[in-house]
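Engineer: So that you have it, the file is protein-v3.txt, and it contains compact mmCIF, C-alpha atoms:
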```
# COMPACT_ATOMS: atom_id res chain seq x y z
CA MET A 1 82.44 94.34 102.36
CA ILE A 2 83.45 90.78 101.50
CA GLU A 3 80.70 88.17 101.49
CA ILE A 4 81.59 84.52 101.28
CA ALA A 5 78.90 81.90 100.81
CA GLY A 6 79.21 78.14 100.33
CA LEU A 7 82.83 78.46 99.29
CA LYS A 8 84.66 75.22 98.52
CA LYS A 9 88.00 74.59 96.87
CA PHE A 10 89.52 71.23 96.05
CA TYR A 11 93.09 70.41 95.04
CA GLY A 12 92.51 67.17 93.21
CA LYS A 13 90.14 65.28 95.48
CA ARG A 14 91.34 67.01 98.65
CA LEU A 15 89.03 69.65 100.07
CA VAL A 16 91.36 72.49 101.06
CA LEU A 17 88.83 75.20 101.80
CA ASP A 18 85.28 74.96 103.05
CA VAL A 19 83.71 78.21 104.22
CA PRO A 20 79.89 78.04 104.35
CA LYS A 21 79.47 81.69 105.36
CA LEU A 22 81.76 84.55 106.30
CA THR A 23 81.33 88.32 106.16
CA LEU A 24 84.23 90.74 106.42
CA GLU A 25 83.39 94.42 107.00
CA THR A 26 84.98 97.22 105.00
CA ASP A 27 86.20 99.33 107.90
CA ARG A 28 88.05 96.51 109.67
CA ARG A 29 91.49 94.92 109.49
CA TYR A 30 91.41 91.12 109.45
CA ALA A 31 94.17 88.68 110.24
CA LEU A 32 93.83 85.14 108.93
CA ILE A 33 95.71 82.86 111.30
CA GLY A 34 96.30 79.16 111.37
CA PRO A 35 98.96 76.56 110.74
CA ASN A 36 100.32 75.59 107.31
CA GLY A 37 97.65 74.05 105.13
CA SER A 38 94.81 75.66 107.02
CA GLY A 39 93.57 77.46 103.89
CA LYS A 40 94.78 81.04 104.46
CA SER A 41 96.58 81.42 101.14
CA THR A 42 93.82 79.66 99.22
CA LEU A 43 91.22 82.01 100.67
CA LEU A 44 93.32 85.08 99.83
CA ARG A 45 93.98 83.83 96.31
CA ILE A 46 90.28 83.29 95.74
CA LEU A 47 89.51 86.79 97.05
CA ALA A 48 92.19 88.20 94.72
CA GLY A 49 90.68 86.39 91.74
CA VAL A 50 93.78 84.29 91.19
CA LEU A 51 91.93 81.05 92.00
CA VAL A 52 88.40 80.16 91.05
CA PRO A 53 86.39 78.33 93.72
CA ASP A 54 84.87 74.96 92.85
CA GLU A 55 81.66 75.81 94.69
CA GLY A 56 80.13 78.97 96.12
CA ALA A 57 81.39 82.50 95.76
CA ALA A 58 83.38 85.24 97.43
CA ALA A 59 82.06 88.67 96.49
CA ILE A 60 83.79 91.96 97.17
CA ARG A 61 81.03 94.56 97.39
CA GLY A 62 81.42 98.32 97.19
CA ILE A 63 85.08 98.23 96.18
CA PRO A 64 85.95 98.40 92.46
CA ALA A 65 88.26 95.62 91.26
CA GLY A 66 90.90 98.20 90.30
CA GLU A 67 91.20 99.32 93.91
CA VAL A 68 91.98 95.88 95.27
CA GLY A 69 95.64 95.03 95.74
CA TYR A 70 97.02 91.56 96.41
CA LEU A 71 100.46 90.53 97.59
CA PRO A 72 101.24 86.84 96.97
CA GLN A 73 103.27 84.84 99.47
CA LYS A 74 106.21 84.83 97.07
CA PRO A 75 105.87 88.02 95.05
CA TYR A 76 107.76 88.08 91.76
CA ALA A 77 110.55 90.61 91.41
CA TYR A 78 110.50 91.66 87.77
CA ASP A 79 113.82 92.11 86.02
CA LEU A 80 113.53 95.90 86.11
CA SER A 81 115.01 98.49 88.44
CA VAL A 82 113.42 98.70 91.90
CA LEU A 83 111.93 102.08 90.96
CA GLN A 84 110.50 100.69 87.70
CA ASN A 85 109.04 97.76 89.62
CA VAL A 86 107.27 100.14 91.99
CA MET A 87 106.08 102.34 89.13
CA LEU A 88 104.44 99.40 87.31
CA SER A 89 100.93 100.19 88.46
CA LEU A 90 101.41 103.95 88.35
CA GLY A 91 102.05 104.65 84.70
CA GLY A 92 104.71 107.24 83.90
CA GLY A 93 105.46 110.86 84.62
CA LYS A 94 106.94 112.92 87.40
CA GLU A 95 104.07 112.38 89.80
CA ALA A 96 104.28 108.59 89.41
CA ARG A 97 108.00 108.73 90.11
CA GLU A 98 107.44 110.80 93.25
CA ARG A 99 104.78 108.40 94.47
CA ALA A 100 107.05 105.44 93.85
CA LEU A 101 109.92 107.12 95.70
CA ASP A 102 107.57 107.90 98.60
CA ALA A 103 106.51 104.23 98.77
CA LEU A 104 110.16 103.15 98.70
CA GLU A 105 110.91 105.59 101.51
CA ARG A 106 108.13 104.04 103.57
CA VAL A 107 109.64 100.58 103.30
CA GLY A 108 113.23 101.81 103.61
CA LEU A 109 114.42 100.99 100.11
CA THR A 110 115.18 104.45 98.70
CA SER A 111 118.90 103.73 98.51
CA LEU A 112 118.24 100.70 96.30
CA SER A 113 115.87 102.40 93.86
CA SER A 114 118.21 101.96 90.91
CA ALA A 115 119.21 98.38 91.77
CA ARG A 116 117.84 95.45 89.80
CA GLY A 117 114.67 94.13 91.49
CA SER A 118 115.53 90.54 90.65
CA ARG A 119 118.94 90.95 92.34
CA LEU A 120 117.62 91.95 95.77
CA SER A 121 117.65 89.63 98.77
CA GLY A 122 114.43 87.84 99.74
CA GLY A 123 113.59 90.36 102.44
CA GLU A 124 114.33 93.32 100.18
CA GLN A 125 112.17 91.82 97.45
CA GLN A 126 109.36 91.47 99.97
CA ARG A 127 109.67 95.16 100.89
CA MET A 128 109.82 96.16 97.22
CA ALA A 129 106.68 94.14 96.55
CA LEU A 130 104.88 95.94 99.35
CA ALA A 131 106.07 99.33 98.05
CA ARG A 132 104.74 98.32 94.61
CA LEU A 133 101.35 97.69 96.17
CA ILE A 134 101.10 100.79 98.38
CA ALA A 135 102.47 103.22 95.79
CA ARG A 136 98.90 104.07 94.83
CA PRO A 137 95.75 104.43 96.91
CA ARG A 138 93.70 101.26 97.20
CA ARG A 139 90.63 100.42 99.23
CA LEU A 140 91.37 96.78 99.92
CA LEU A 141 94.71 95.11 100.52
CA LEU A 142 94.97 91.31 100.51
CA LEU A 143 98.37 90.29 101.83
CA ASP A 144 99.63 86.73 102.05
CA GLU A 145 102.22 86.72 104.83
CA PRO A 146 103.64 90.16 104.05
CA THR A 147 106.63 89.73 106.38
CA ALA A 148 107.38 86.09 105.62
CA SER A 149 111.07 86.47 104.80
CA VAL A 150 112.14 89.69 106.51
CA ASP A 151 114.23 90.37 109.62
CA ILE A 152 112.93 92.10 112.77
CA ARG A 153 113.89 95.64 111.68
CA ALA A 154 112.31 95.22 108.25
CA ASN A 155 109.30 93.61 109.91
CA GLU A 156 108.78 96.73 112.05
CA ARG A 157 109.19 98.96 109.00
CA ILE A 158 106.64 96.98 106.99
CA GLU A 159 104.14 96.97 109.83
CA ARG A 160 104.55 100.74 110.29
CA ALA A 161 104.20 101.35 106.54
CA LEU A 162 101.07 99.22 106.46
CA THR A 163 99.50 100.89 109.50
CA ASP A 164 100.17 104.36 108.00
CA TYR A 165 98.86 103.37 104.59
CA VAL A 166 95.67 101.82 105.96
CA SER A 167 94.85 104.82 108.12
CA GLU A 168 95.72 107.36 105.40
CA ASN A 169 93.60 105.64 102.75
CA GLY A 170 90.77 104.27 104.89
CA CYS A 171 91.77 100.92 103.44
CA MET A 172 90.33 97.52 104.35
CA LEU A 173 93.05 95.01 105.19
CA VAL A 174 92.95 91.22 105.04
CA PHE A 175 96.26 89.50 105.67
CA SER A 176 97.52 86.09 106.64
CA SER A 177 100.15 85.60 109.28
CA HIS A 178 101.87 82.81 111.12
CA GLU A 179 102.65 85.17 113.96
CA PRO A 180 99.82 85.92 116.37
CA GLY A 181 101.80 88.89 117.75
CA GLN A 182 101.67 90.52 114.34
CA ALA A 183 97.95 89.80 114.11
CA LEU A 184 97.50 91.54 117.43
CA ARG A 185 99.50 94.59 116.31
CA LEU A 186 97.90 95.04 112.89
CA ALA A 187 94.41 93.56 113.01
CA THR A 188 91.14 94.57 114.61
CA ASP A 189 89.65 91.12 113.95
CA VAL A 190 90.92 87.60 113.56
CA VAL A 191 89.68 84.71 111.44
CA ALA A 192 91.21 81.49 112.76
CA LEU A 193 91.38 78.72 110.19
CA SER A 194 92.01 75.05 110.70
CA GLU A 195 92.11 72.36 108.02
CA GLY A 196 90.34 74.57 105.50
CA ARG A 197 87.51 75.59 107.81
CA VAL A 198 86.86 78.71 109.84
CA ALA A 199 87.43 77.60 113.43
CA GLU A 200 86.43 80.90 114.99
CA THR A 201 86.22 84.63 114.38
CA GLY A 202 86.16 87.62 116.66
CA GLY A 203 88.06 90.64 117.92
CA ALA A 204 91.83 90.24 117.69
CA GLY A 205 92.43 90.47 121.45
CA GLU A 206 89.53 88.17 122.22
CA VAL A 207 90.53 85.35 119.82
CA LEU A 208 94.27 85.62 120.37
CA ARG A 209 94.18 85.86 124.17
CA ALA A 210 91.26 83.60 124.93
CA PRO A 211 90.58 81.27 122.00
CA ARG A 212 87.44 79.19 122.33
CA GLU A 213 88.19 76.44 119.83
CA ALA A 214 90.65 73.64 120.56
CA SER A 215 92.40 73.98 117.16
CA THR A 216 93.05 77.69 117.77
CA GLN A 217 94.26 76.95 121.28
CA VAL A 218 96.71 74.35 119.96
CA PHE A 219 97.99 76.76 117.30
CA LEU A 220 98.39 79.63 119.77
CA GLN A 221 100.00 77.47 122.47
CA ARG A 222 103.27 77.66 120.55
CA TRP A 223 103.32 81.44 120.84
CA ARG A 224 103.46 83.72 123.86
CA ILE A 225 100.96 86.50 123.44
CA MET B 1 147.66 69.73 65.73
CA ARG B 2 149.98 72.69 65.29
CA THR B 3 150.12 72.01 61.55
CA ALA B 4 146.31 71.85 61.41
CA LEU B 5 146.04 75.12 63.31
CA GLN B 6 148.58 76.74 61.01
CA LEU B 7 146.69 75.34 58.02
CA ALA B 8 143.39 76.68 59.37
CA ILE B 9 144.92 80.14 59.71
CA ASP B 10 146.55 79.84 56.28
CA LEU B 11 143.22 78.74 54.81
CA LEU B 12 141.45 81.73 56.32
CA LEU B 13 144.11 84.11 55.11
CA SER B 14 144.42 82.56 51.66
CA GLY B 15 140.91 83.62 50.66
CA SER B 16 140.28 80.17 49.12
CA ALA B 17 137.11 80.30 47.02
CA GLU B 18 136.03 76.85 48.19
CA LEU B 19 136.49 77.73 51.85
CA LYS B 20 134.62 81.00 51.38
CA ASP B 21 131.77 79.08 49.77
CA ILE B 22 131.69 76.46 52.51
CA VAL B 23 131.63 79.09 55.27
CA SER B 24 129.07 81.18 53.38
CA VAL B 25 126.71 78.20 52.84
CA THR B 26 127.20 77.12 56.46
CA LEU B 27 126.35 80.57 57.82
CA ARG B 28 123.41 81.04 55.45
CA MET B 29 121.93 77.68 56.39
CA THR B 30 122.64 78.08 60.09
CA LEU B 31 121.38 81.65 60.45
CA THR B 32 118.23 81.09 58.39
CA SER B 33 117.25 77.80 60.02
CA SER B 34 117.93 78.97 63.58
CA VAL B 35 115.97 82.21 63.10
CA ALA B 36 113.08 80.30 61.48
CA ALA B 37 113.10 77.73 64.30
CA LEU B 38 113.09 80.52 66.88
CA LEU B 39 110.19 82.29 65.16
CA LEU B 40 108.19 79.06 64.97
CA GLY B 41 109.25 77.42 68.22
CA ALA B 42 109.30 80.31 70.71
CA PRO B 43 105.61 81.27 70.29
CA LEU B 44 104.69 77.58 70.58
CA GLY B 45 106.72 77.34 73.77
CA VAL B 46 104.95 80.42 75.16
CA LEU B 47 101.60 78.91 74.18
CA TYR B 48 102.32 75.53 75.78
CA ALA B 49 103.56 77.16 78.98
CA SER B 50 100.91 79.80 79.46
CA ALA B 51 97.68 78.56 77.87
CA ARG B 52 95.43 75.72 78.98
CA PHE B 53 93.63 73.88 76.16
CA PRO B 54 92.59 70.31 75.39
CA GLY B 55 95.46 68.21 74.07
CA ARG B 56 98.15 70.52 75.50
CA LYS B 57 99.83 67.78 77.52
CA ALA B 58 99.83 65.43 74.53
CA LEU B 59 101.44 68.15 72.39
CA ILE B 60 104.12 68.69 75.04
CA VAL B 61 104.88 64.94 75.11
CA ILE B 62 105.04 64.83 71.30
CA ASN B 63 107.33 67.86 71.29
CA ARG B 64 109.63 66.25 73.86
CA THR B 65 109.77 63.13 71.71
CA LEU B 66 110.64 65.21 68.64
CA MET B 67 113.44 66.89 70.59
CA GLY B 68 115.21 63.56 70.41
CA LEU B 69 114.58 63.02 66.70
CA PRO B 70 117.79 61.57 65.23
CA PRO B 71 119.10 63.89 62.48
CA VAL B 72 119.58 60.99 60.05
CA VAL B 73 115.92 60.00 60.48
CA CYS B 74 114.91 63.61 59.81
CA GLY B 75 117.24 63.60 56.77
CA LEU B 76 115.73 60.35 55.55
CA ILE B 77 112.16 61.67 55.88
CA CYS B 78 113.05 64.90 54.08
CA TYR B 79 114.90 62.92 51.40
CA MET B 80 111.81 60.76 50.82
CA LEU B 81 109.53 63.80 50.73
CA PHE B 82 111.72 65.80 48.33
CA SER B 83 112.98 62.98 46.11
CA GLY B 84 111.74 62.38 42.56
CA VAL B 85 108.97 60.05 43.79
CA GLY B 86 108.15 61.96 46.98
CA PRO B 87 104.98 63.98 47.55
CA LEU B 88 106.93 67.27 47.73
CA ARG B 89 109.10 66.66 44.64
CA HIS B 90 107.55 69.68 42.86
CA LEU B 91 109.27 71.95 45.42
CA LYS B 92 112.64 70.80 44.02
CA LEU B 93 114.31 71.06 47.42
CA LEU B 94 116.51 67.98 47.28
CA PHE B 95 120.22 68.83 47.12
CA THR B 96 119.55 72.52 47.75
CA VAL B 97 120.43 74.79 50.68
CA GLU B 98 116.71 75.50 51.08
CA GLY B 99 116.05 71.77 51.55
CA MET B 100 118.81 71.65 54.16
CA ILE B 101 117.21 74.62 55.93
CA VAL B 102 113.84 72.82 56.00
CA ALA B 103 115.47 69.75 57.56
CA GLN B 104 117.24 71.91 60.13
CA VAL B 105 114.03 73.74 61.03
CA ILE B 106 112.30 70.37 61.60
CA LEU B 107 115.13 69.38 63.94
CA LEU B 108 115.49 72.69 65.77
CA THR B 109 111.89 73.85 66.27
CA PRO B 110 110.99 71.21 68.91
CA ILE B 111 114.20 72.03 70.78
CA VAL B 112 113.36 75.74 70.83
CA THR B 113 109.75 75.02 71.83
CA GLY B 114 110.82 72.66 74.60
CA SER B 115 113.42 75.05 75.96
CA MET B 116 110.97 77.98 76.08
CA GLU B 117 108.16 75.84 77.50
CA THR B 118 110.34 74.43 80.28
CA TYR B 119 111.64 77.84 81.29
CA LEU B 120 108.33 79.68 81.10
CA SER B 121 106.37 76.97 82.94
CA GLY B 122 108.39 77.83 86.02
CA VAL B 123 107.92 81.59 85.90
CA VAL B 124 104.59 82.31 84.21
CA GLY B 125 102.53 81.49 87.32
CA PRO B 126 104.35 83.85 89.72
CA ILE B 127 104.62 86.58 87.03
CA ARG B 128 100.90 86.46 86.41
CA GLU B 129 99.88 86.17 90.05
CA THR B 130 101.96 89.21 90.99
CA ALA B 131 100.68 91.19 88.00
CA ARG B 132 97.13 90.26 88.88
CA GLY B 133 97.70 91.48 92.43
CA LEU B 134 98.80 94.83 91.02
CA ARG B 135 95.78 94.85 88.65
CA LEU B 136 98.00 95.17 85.60
CA SER B 137 96.37 94.73 82.20
CA ARG B 138 96.82 91.55 80.15
CA GLY B 139 98.91 93.45 77.63
CA ARG B 140 101.20 94.75 80.35
CA THR B 141 101.49 91.28 81.87
CA PHE B 142 102.39 89.84 78.45
CA LEU B 143 105.09 92.49 77.99
CA LEU B 144 106.47 91.71 81.46
CA THR B 145 106.53 88.01 80.59
CA LEU B 146 108.45 88.78 77.41
CA ASN B 147 110.88 90.93 79.39
CA GLU B 148 111.44 88.10 81.85
CA SER B 149 112.09 85.68 78.95
CA LYS B 150 114.65 87.81 77.12
CA TYR B 151 117.75 86.01 78.37
CA GLN B 152 116.12 82.65 77.71
CA VAL B 153 115.18 83.67 74.15
CA VAL B 154 118.76 84.74 73.46
CA SER B 155 120.31 81.64 74.99
CA THR B 156 117.79 79.37 73.23
CA TYR B 157 118.61 81.02 69.92
CA LEU B 158 122.33 80.65 70.44
CA PHE B 159 121.85 77.01 71.41
CA ALA B 160 119.81 76.45 68.23
CA PHE B 161 122.48 78.25 66.22
CA GLY B 162 125.16 76.00 67.70
CA ARG B 163 123.13 72.87 66.99
CA ALA B 164 122.48 73.96 63.40
CA MET B 165 126.15 74.71 62.90
CA ALA B 166 127.26 71.30 64.20
CA GLU B 167 124.57 69.25 62.42
CA VAL B 168 125.79 66.77 59.83
CA GLY B 169 123.41 63.81 59.35
CA ALA B 170 120.35 65.53 57.98
CA VAL B 171 122.17 68.14 55.91
CA ALA B 172 124.40 65.51 54.31
CA MET B 173 121.37 63.45 53.24
CA VAL B 174 119.22 66.35 52.04
CA GLY B 175 122.03 68.56 50.67
CA GLY B 176 124.27 65.86 49.27
CA ALA B 177 127.42 67.82 50.21
CA ILE B 178 127.86 69.15 46.68
CA ALA B 179 130.94 71.35 46.37
CA TYR B 180 130.19 75.02 45.68
CA LYS B 181 126.49 74.32 46.30
CA THR B 182 125.48 72.50 49.45
CA ASN B 183 128.75 71.62 51.12
CA VAL B 184 128.85 72.95 54.67
CA MET B 185 131.67 72.78 57.20
CA THR B 186 130.58 69.53 58.81
CA THR B 187 129.99 67.72 55.52
CA ALA B 188 133.25 69.12 54.18
CA ILE B 189 135.09 67.68 57.19
CA MET B 190 133.53 64.30 56.43
CA MET B 191 134.46 64.62 52.77
CA TYR B 192 138.09 65.54 53.48
CA THR B 193 138.37 62.73 56.03
CA ASN B 194 137.01 60.21 53.51
CA ARG B 195 139.62 61.46 51.05
CA GLY B 196 142.29 60.91 53.67
CA ASP B 197 142.99 64.62 53.96
CA PHE B 198 142.91 64.66 57.74
CA THR B 199 144.83 67.92 58.11
CA LEU B 200 142.35 69.90 56.03
CA GLY B 201 139.46 68.22 57.88
CA LEU B 202 141.06 69.09 61.19
CA ALA B 203 141.65 72.68 60.05
CA LEU B 204 137.96 73.03 59.21
CA GLY B 205 137.12 71.42 62.56
CA ILE B 206 139.22 74.02 64.36
CA LEU B 207 137.46 76.76 62.41
CA LEU B 208 134.08 75.26 63.35
CA LEU B 209 135.12 75.08 67.00
CA ALA B 210 136.31 78.70 66.88
CA ILE B 211 132.91 79.83 65.60
CA SER B 212 131.22 77.68 68.26
CA LEU B 213 133.48 79.24 70.91
CA VAL B 214 132.50 82.75 69.80
CA VAL B 215 128.81 81.78 69.94
CA ASN B 216 129.16 80.28 73.42
CA VAL B 217 131.13 83.23 74.79
CA LEU B 218 128.39 85.48 73.42
CA ALA B 219 125.73 83.27 75.07
CA HIS B 220 127.60 83.40 78.37
CA LEU B 221 127.90 87.19 78.26
CA LEU B 222 124.24 87.66 77.35
CA GLN B 223 123.04 85.27 80.04
CA ARG B 224 124.77 87.29 82.73
CA SER B 225 122.00 89.69 83.66
CA PRO B 226 123.21 93.16 84.57
CA ALA B 227 123.58 93.93 88.27
```
Render the structure in this file as structure tokens.
Structural biologist:
Amino acid sequence: MIEIAGLKKFYGKRLVLDVPKLTLETDRRYALIGPNGSGKSTLLRILAGVLVPDEGAAAIRGIPAGEVGYLPQKPYAYDLSVLQNVMLSLGGGKEARERALDALERVGLTSLSSARGSRLSGGEQQRMALARLIARPRRLLLLDEPTASVDIRANERIERALTDYVSENGCMLVFSSHEPGQALRLATDVVALSEGRVAETGGAGEVLRAPREASTQVFLQRWRI
Amino acid sequence: MRTALQLAIDLLLSGSAELKDIVSVTLRMTLTSSVAALLLGAPLGVLYASARFPGRKALIVINRTLMGLPPVVCGLICYMLFSGVGPLRHLKLLFTVEGMIVAQVILLTPIVTGSMETYLSGVVGPIRETARGLRLSRGRTFLLTLNESKYQVVSTYLFAFGRAMAEVGAVAMVGGAIAYKTNVMTTAIMMYTNRGDFTLGLALGILLLAISLVVNVLAHLLQRSPA
């Protein structure tokens, strides 16, 4: 479970995140939606421990830190082979290699396993970064726009890989997305953010099809659900 | 030009003792000072780029200022420090290769630091954020950062090597361009030119350029990361 209380984050003097209270349950899949600058990435980075809040706290309860995985919006492709990149959090050995190859198979990158990670296209790097994260079992995945720079086919592959991984590992999922359709396909619940504040929360279908708040309505108007 | 080129080749083939000494002193000074500057400057660059501590920004500004330190000013300072009335006279470094190396290290270290700091500032954040997302240890993250810097370290070193090789102001003041002792290729070119021996000066210049070309080709090849 993730418990957020009195959370505030400033960039300079600008308040970019203000979440007085929010609870996310372990057995759910949450989509953070909202326009650019609504605070999605900041919230995920705080949850991942990359950013420290200026006020309040976000506590992950019941999940050891080692079992939390985080995918930044622009994941870094290390100057290693794709396979070595994926094996980074696995250690060495035959089993690690098999796990890494399995993860690459899931995201459709097996044929590029010996290529240089830093030489892949943006979409391929995104898939490699996801494979790197799902190569080992984790209980919480925090993903910042996991399909930001991929085409439709790769998008489908990533969503399928994520759905399989989450159900196989009983993994909690919190991800940000600009695309409400993706939120509907992957999430059980939605947290709609606007200007650093939680505008509304609820079941994915409920919030995405019949938003109550004006800011969510404006954001969703641009999309056909 | 053709005569100078022919003379340069003839000089190389002749095995002239003076030329051998000039090249040997040049390489000794250049290699030692560039390695020392890399060993001092690269860790500082890593520190400035990756750590947050009070006074960091001021140190970066000072370093950037020192990157533009005129060699003759550096030579003058070293001369004053090492001369008979200077505070470091007991080191007896004036008119020695060691003194020239010290001057070169003072000139090159800020350049190495600045180059590493500029490069790493752009990549340390994403490297760390991704590593943190994978829950990699600090040691592992540090090793990954080093791996990501390898081409930059090599190219920075080669740049420092090239600068050290081409330097003339500071080494002339501190070394004194003494034949068979502290005369390096650049000071020898100056000396031959002053004597009116343009052809010999030009021949040495061509030799210097040839070494610089080899260094730059090497830098180019090393900077091309493998596919």
Engineer: Kindly determine which residues of chain A lie within 12 Å of chain B, considering all atoms listed in the file, and give the answer as an mmCIF file with C-alpha atoms, in the coordinates of the input.
Structural biologist:
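So the final result, stored in out-v3.cif, reads:
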```
data_model
loop_
_atom_site.group_PDB
_atom_site.id
_atom_site.type_symbol
_atom_site.label_atom_id
_atom_site.label_comp_id
_atom_site.auth_asym_id
_atom_site.auth_seq_id
_atom_site.Cartn_x
_atom_site.Cartn_y
_atom_site.Cartn_z
ATOM 1 C CA LEU A 44 93.320 85.080 99.830
ATOM 2 C CA ARG A 45 93.980 83.830 96.310
ATOM 3 C CA ILE A 46 90.280 83.290 95.740
ATOM 4 C CA LEU A 47 89.510 86.790 97.050
ATOM 5 C CA ALA A 48 92.190 88.200 94.720
ATOM 6 C CA GLY A 49 90.680 86.390 91.740
ATOM 7 C CA VAL A 50 93.780 84.290 91.190
ATOM 8 C CA LEU A 51 91.930 81.050 92.000
ATOM 9 C CA PRO A 64 85.950 98.400 92.460
ATOM 10 C CA ALA A 65 88.260 95.620 91.260
ATOM 11 C CA GLY A 66 90.900 98.200 90.300
ATOM 12 C CA GLU A 67 91.200 99.320 93.910
ATOM 13 C CA VAL A 68 91.980 95.880 95.270
ATOM 14 C CA GLY A 69 95.640 95.030 95.740
ATOM 15 C CA TYR A 70 97.020 91.560 96.410
ATOM 16 C CA LEU A 71 100.460 90.530 97.590
ATOM 17 C CA PRO A 72 101.240 86.840 96.970
ATOM 18 C CA GLN A 73 103.270 84.840 99.470
ATOM 19 C CA LYS A 74 106.210 84.830 97.070
ATOM 20 C CA PRO A 75 105.870 88.020 95.050
ATOM 21 C CA TYR A 76 107.760 88.080 91.760
ATOM 22 C CA ALA A 77 110.550 90.610 91.410
ATOM 23 C CA TYR A 78 110.500 91.660 87.770
ATOM 24 C CA ASP A 79 113.820 92.110 86.020
ATOM 25 C CA LEU A 80 113.530 95.900 86.110
ATOM 26 C CA SER A 81 115.010 98.490 88.440
ATOM 27 C CA VAL A 82 113.420 98.700 91.900
ATOM 28 C CA GLN A 84 110.500 100.690 87.700
ATOM 29 C CA ASN A 85 109.040 97.760 89.620
ATOM 30 C CA VAL A 86 107.270 100.140 91.990
ATOM 31 C CA MET A 87 106.080 102.340 89.130
ATOM 32 C CA LEU A 88 104.440 99.400 87.310
ATOM 33 C CA SER A 89 100.930 100.190 88.460
ATOM 34 C CA LEU A 90 101.410 103.950 88.350
ATOM 35 C CA GLY A 91 102.050 104.650 84.700
ATOM 36 C CA LEU A 112 118.240 100.700 96.300
ATOM 37 C CA SER A 114 118.210 101.960 90.910
ATOM 38 C CA ALA A 115 119.210 98.380 91.770
ATOM 39 C CA ARG A 116 117.840 95.450 89.800
ATOM 40 C CA GLY A 117 114.670 94.130 91.490
ATOM 41 C CA SER A 118 115.530 90.540 90.650
ATOM 42 C CA ARG A 119 118.940 90.950 92.340
ATOM 43 C CA LEU A 120 117.620 91.950 95.770
ATOM 44 C CA GLN A 126 109.360 91.470 99.970
ATOM 45 C CA ALA A 129 106.680 94.140 96.550
ATOM 46 C CA LEU A 130 104.880 95.940 99.350
ATOM 47 C CA ALA A 131 106.070 99.330 98.050
ATOM 48 C CA ARG A 132 104.740 98.320 94.610
ATOM 49 C CA LEU A 133 101.350 97.690 96.170
ATOM 50 C CA ILE A 134 101.100 100.790 98.380
ATOM 51 C CA ALA A 135 102.470 103.220 95.790
ATOM 52 C CA ARG A 136 98.900 104.070 94.830
ATOM 53 C CA PRO A 137 95.750 104.430 96.910
ATOM 54 C CA ARG A 138 93.700 101.260 97.200
ATOM 55 C CA LEU A 140 91.370 96.780 99.920
ATOM 56 C CA LEU A 141 94.710 95.110 100.520
ATOM 57 C CA LEU A 142 94.970 91.310 100.510
ATOM 58 C CA LEU A 143 98.370 90.290 101.830
ATOM 59 C CA ASP A 144 99.630 86.730 102.050
#
```
Engineer: Write out as an MDAnalysis selection string each polymer residue whose atoms come within 7 Å of Ala103 of chain B, counting all atoms listed in the file; drop sequence neighbours fewer than 6 positions from it.
Structural biologist: chainID B and resid 74:75 78 170
Engineer: What does the distance between atom CA of Leu32 of chain A and atom CA of Leu104 of chain A come to in Å, to one decimal place?
Structural biologist: 26.4 Å
Engineer: Do a neighbour search on segment 209-215 of chain A at 12 Å with only C-alpha atoms, toss out local chain neighbours closer than 3 positions, and write the hits as JSON, numbers by chain.
Structural biologist: {"A": [33, 34, 35, 38, 180, 181, 183, 184, 190, 191, 192, 193, 194, 195, 196, 197, 198, 199, 200, 201, 202, 203, 204, 205, 206, 218, 219, 220, 221, 222, 223, 224, 225]}
Engineer: Put the listed atoms of segment 85-89 of chain B in a box along x, y and z with 6 Å added on every side and give me the centre and edge lengths in Å to one decimal, as AutoDock Vina command-line options.
Structural biologist:
```
--center_x 107.0 --center_y 63.7 --center_z 45.8 --size_x 16.1 --size_y 19.2 --size_z 15.9
```
